[in-house]
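**Q** Sending over a structure as structure tokens; questions will come in a sec.
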Amino acid sequence: MIRIEPRDAPSRLLTIGVPIMSAVIALGLAAVPLAFAGANILDAYTQMYIGIFGSVFAFTEMLTRATPLIFTGLAATMAFRAKLWNIGAEGQLYLGAMAAVMVGTGLIDAPSIVLIPLILIAGAVAGAAGMAGPAYLKVRFGADEVVTTLLLNFVILIFLQMMLEGPLKDPMGLGWPQSAPIVDAAILPQLLPRMRLHAGLIIALLATLVAQIMLSQSVWGFKLRAVGENAAAALHAGIGVKRTLMGAAVVSGALAGLAGVSEVAGLRGYLTADLSPGFGFTGIVVAMLAGLSPIGVVISAVFIASVFVGADTMSRAMGVSSFLADLVVALSLISVLIGGFIARYRVSRVKTEAT
Amino acid sequence: MDILQILISDSFWAAALRIATPLIFGVLGALICEKSGVLNLGIEGIFVAGAMTGWMAVWLGTGLWGGLVVAALSGASLGLLHAILTVPLGLSQHVSGLGITMLATSLSSFAYRTALPQVSSPPRITPFQPLDLPILSDLPFLGPVLFQQTAMTWLAIFMVGLVWWVLERTPLGMAIRAVGDNPDAADAQGLSVYGLRIGAIMAGSALMALGGAFLTMSAFDAFFFGMVNGRGWICIALVIFASWRPGKALFGAILFGAFDAFQVRLQTEVGAFVPSQVFLMAPYVLSIIALVVVARRADYPRALLKPWFKGQRG
């Protein structure tokens with residue numbers, strides 16, 4: 001008979017080794033669909049490598065793609081640590097982007113030093129409000145936040161389309177459903193000349209640092225982790241569980257909102273309904289690969305971004321569908337889940353005596 | 001045409017039942033999984049997989065019923081993966097389910113693109129046709145509403161009865177409910193908690209895939225990206241709304257279908273004054289409101305979301 005027992009504490013080696021192994025396994029498993037698609041597997045991986053490390057431009061493109069994933073990865077991390085299932089980061093991202101566009105397209109005339117912080121705050125507040133709603137419905141009425149946040153994604157996306165055809169529509173946009181451009185003073189500066197990499201990355205790294213300190217050093221972070229590990233015990237210990245959950249929701253939503261600001265003010269310059277190819281959902285994978293550690297989020301965001309950018313190049317060069325990237329992302333999530341099990345439990349065979 | 005006329009027209013109720021059909025499959029599937037104690041957020045992806053594999057099987061020549069079998073099998077295999085992750089391994093049901101959704105969606109899209117690399121519009125199949133029954137199909141009102149639906153709608157309604165009968169009236173159903181309510185007690189009675197949960201998740205996932213297959217094999221005649229469009233998530237909300245009862249699930253799905261059919265018709269009436277998006281949003285908003293209203297009263301299976309390991313009393 002097989003016995004499953006929890007390990008006392010997962011070793012440091014396993015904590016770090018499991019996500020790395022999961023990523024490698026997911027990439028390796030991608031060889032199967034590649035073979036089905038009739039591609040030369042070695043060539044395919046070579047093309048992916050070139051797509052990431054082939055040039056400075058390729059590398060900065062990868063970092064540009066990692067930027068929103070750091071934000072949404074942090075958003076998932078902060079919520080999941082409290083066992084608050086925020087599956088609505090995609091919608092909160094768009095709320096943040098909409099707020100940035102409302103403030104940043106000419107409403108206020110101010111220098112960058114004022115305007116950039118202003119759109120960041122506006123986006124964070126909008127994203128936070130987008131998650132505070134479902135969290136309130138959870139603590140007040142017991143409505144499952146998984147379902148409410150999932151459904152709100154659709155509501156927000158349709159609302160965005162309405163805004164882009166109405167109040168937010170660019171009068172000079174030749175009838176396309178897109179917003180007016182962000183004014184120059186509100187654009188996040190580029191980090192390197194002639195590259196698309198922008199200051200959103202710096203903000204994402206700062207946010208990571210703040211999130212890490214809040215989570216591991218502050219009383220707030222202690223409460224949040226306590227609620228996540230055992231809500232009943234936390235309540236018994238006098239921690240305001242509802243208040244803590246609301247706090248986690250606000251921080252998580254704000255981070256997702258910042259992803260939207262960063263994309264719209266750092267990369268695109270205007271808002272369309274296809275701003276995010278699922279960054280909100282991919283953020284969940286980023287967070288899980290990172291073992292819900294903010295610092296780890298940066299590393300796993302870089303990995304996932306590499307998969308996307310590399311698969312794009314590979315797809316163009318070899319005619320293999322770029323859906324391969326989504327497949328690798330999904331496989332990473334499942335591998336890291338299984339890996340997490342191996343890290344947390346010991347599986348042993350025990351002899352059972354006949355009764 | 002005023003509102004009353006819409007509500008008494010046969011085309012309106014026929015549309016309501018048609019819209020409800022995939023949701024009936026999905027909500028029954030989710031209900032079976034949850035009755036055994038396991039949430040299956042793989043539903044959205046399993047819908048996509050069922051839609052893709054069923055349609056592609058028909059396109060490759062299996063026939064319509066063969067296509068349904070293929071769709072159900074693809075759903076069951078995805079269900080098996082979710083079951084392995086969440087039952088013997090006891091991993092997070094939320095994360096595993098989302099992983100299944102991502103895997104199923106990307107696998108379906110990748111397979112579709114690999115099989116049909118260059119097409120701009122997918123090849124069409126001959127889908128299930130409306131029934132043409134002697135006398136019944138010609139009845140006023142009831143004819144168009146009930147007897148001119150496709151065979152899949154009737155299959156869905158039949159499944160409501162079957163699922164109700166199995167869950168409420170058979171020893172197997174009692175066993176499934178027992179492992180979803182109190183796995184320790186079920187185990188003590190000699191029931192296999194693992195086996196029952198794995199079986200329930202596979203059966204439920206097969207039903208979800210049939211809901212997806214309805215989209216490509218009855219409602220439309222081809223596969224498109226994004227055609228599932230949150231229907232799976234709505235089913236997860238409907239299960240709570242239905243308080244885990246098959247009969248109420250049927251009622252909830254038809255109510256949702258009626259509301260959706262109504263908003264489309266209302267849109268043509270007042271579309272000039274109200275943006276169309278207000279109506280598109282309505283079904284999702286309604287689901288959220290319904291969830292908030294019933295949340296406190298919902299009769300959750302008591303062991304839902306709680307992993308259970310053999311030999312460890314929780």
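Within each chain, counting starts at residue 1; across the structure tokens, chains are named A, B, ... in the order shown, with ligands numbered 1 upward in that order.
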Pull out every residue of chain A that has at least one atom within 9 Å of chain B, counting only C-alpha atoms, and report them as a PyMOL selection string.
**A** chain A and resi 3-5+33+36-37+85+137-138+141-144+146-148+150-152+154-156+158-159+161-162+166+281+284-285+288+319-334+337-338+340-341
**Q** Quick one: residues within 12 Å of Pro183 in chain B, only C-alpha atoms, excluding same-chain residues fewer than 6 positions away - as a PyMOL selection string?
**A** chain B and resi 35-38+87+175-177+189-197+301-304+306-314
**Q** Report, in Å to a single decimal, how far apart CA of Met98 in chain A and CA of Leu267 in chain A are.
**A** 14.7 Å
**Q** Can you work out the spacing between CA of Leu115 in chain A and CA of Ala76 in chain A in Å, to one decimal?
**A**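 Separating CA of Leu115 in chain A from CA of Ala76 in chain A is a distance of 27.6 Å.
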**Q** Taking into account only C-alpha atoms, which residue in the set B:Val264, B:Ile125, B:Leu255, B:Ala242 is nearest to Asp299 in chain B?
**A** B:Ala242
**Q** Name all residues at most 10 Å from Leu146 in chain B (count only C-alpha atoms; drop same-chain ones fewer than 6 positions away) and give them as a ChimeraX atom specification.
**A** /B:10,13-14,17-18,131,136-137,139,153-154
**Q** Could you dump the residues just selected with C-alpha atoms as an mmCIF file, in the first residue's frame?
**A**
```cif
data_model
loop_
_atom_site.group_PDB
_atom_site.id
_atom_site.type_symbol
_atom_site.label_atom_id
_atom_site.label_comp_id
_atom_site.auth_asym_id
_atom_site.auth_seq_id
_atom_site.Cartn_x
_atom_site.Cartn_y
_atom_site.Cartn_z
ATOM 1 C CA ASP B 10 -42.986 30.379 -29.872
ATOM 2 C CA TRP B 13 -39.129 29.987 -26.151
ATOM 3 C CA ALA B 14 -37.558 27.860 -28.875
ATOM 4 C CA LEU B 17 -34.306 26.226 -24.963
ATOM 5 C CA ARG B 18 -31.671 26.244 -27.703
ATOM 6 C CA LEU B 131 -36.480 17.104 -35.411
ATOM 7 C CA LEU B 136 -45.910 16.703 -32.672
ATOM 8 C CA SER B 137 -43.665 19.032 -34.680
ATOM 9 C CA LEU B 139 -48.483 21.382 -32.938
ATOM 10 C CA THR B 153 -31.592 19.231 -26.807
ATOM 11 C CA TRP B 154 -33.585 16.111 -26.090
#
```
**Q** DSSP on the backbone: which residues in range 164-244 of chain B end up as helix (DSSP H, G or I)? Give the answer as a ChimeraX atom specification.
**A** /B:164-169,171-181,183-188,193-219,231-241
**Q** Go ahead and compute the interatomic distance for CA of Arg124 in chain B and CA of Thr268 in chain B, in Å to one decimal.
**A**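 Distance reported for this atom pair: 28.9 Å.
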**Q** Given only C-alpha atoms as the basis, pick out the residue of A:Ser306, A:Thr105, A:Gln92, A:Thr313 nearest to Phe59 in chain A.
**A**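 The closest residue to Phe59 in chain A is A:Ser306.
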**Q** Got a sec: who's within 8 Å of Phe128 in chain B, counting only C-alpha atoms, leaving out chain neighbours fewer than 4 positions off, as a PyMOL selection string?
**A** chain B and resi 64+150-152+217-218
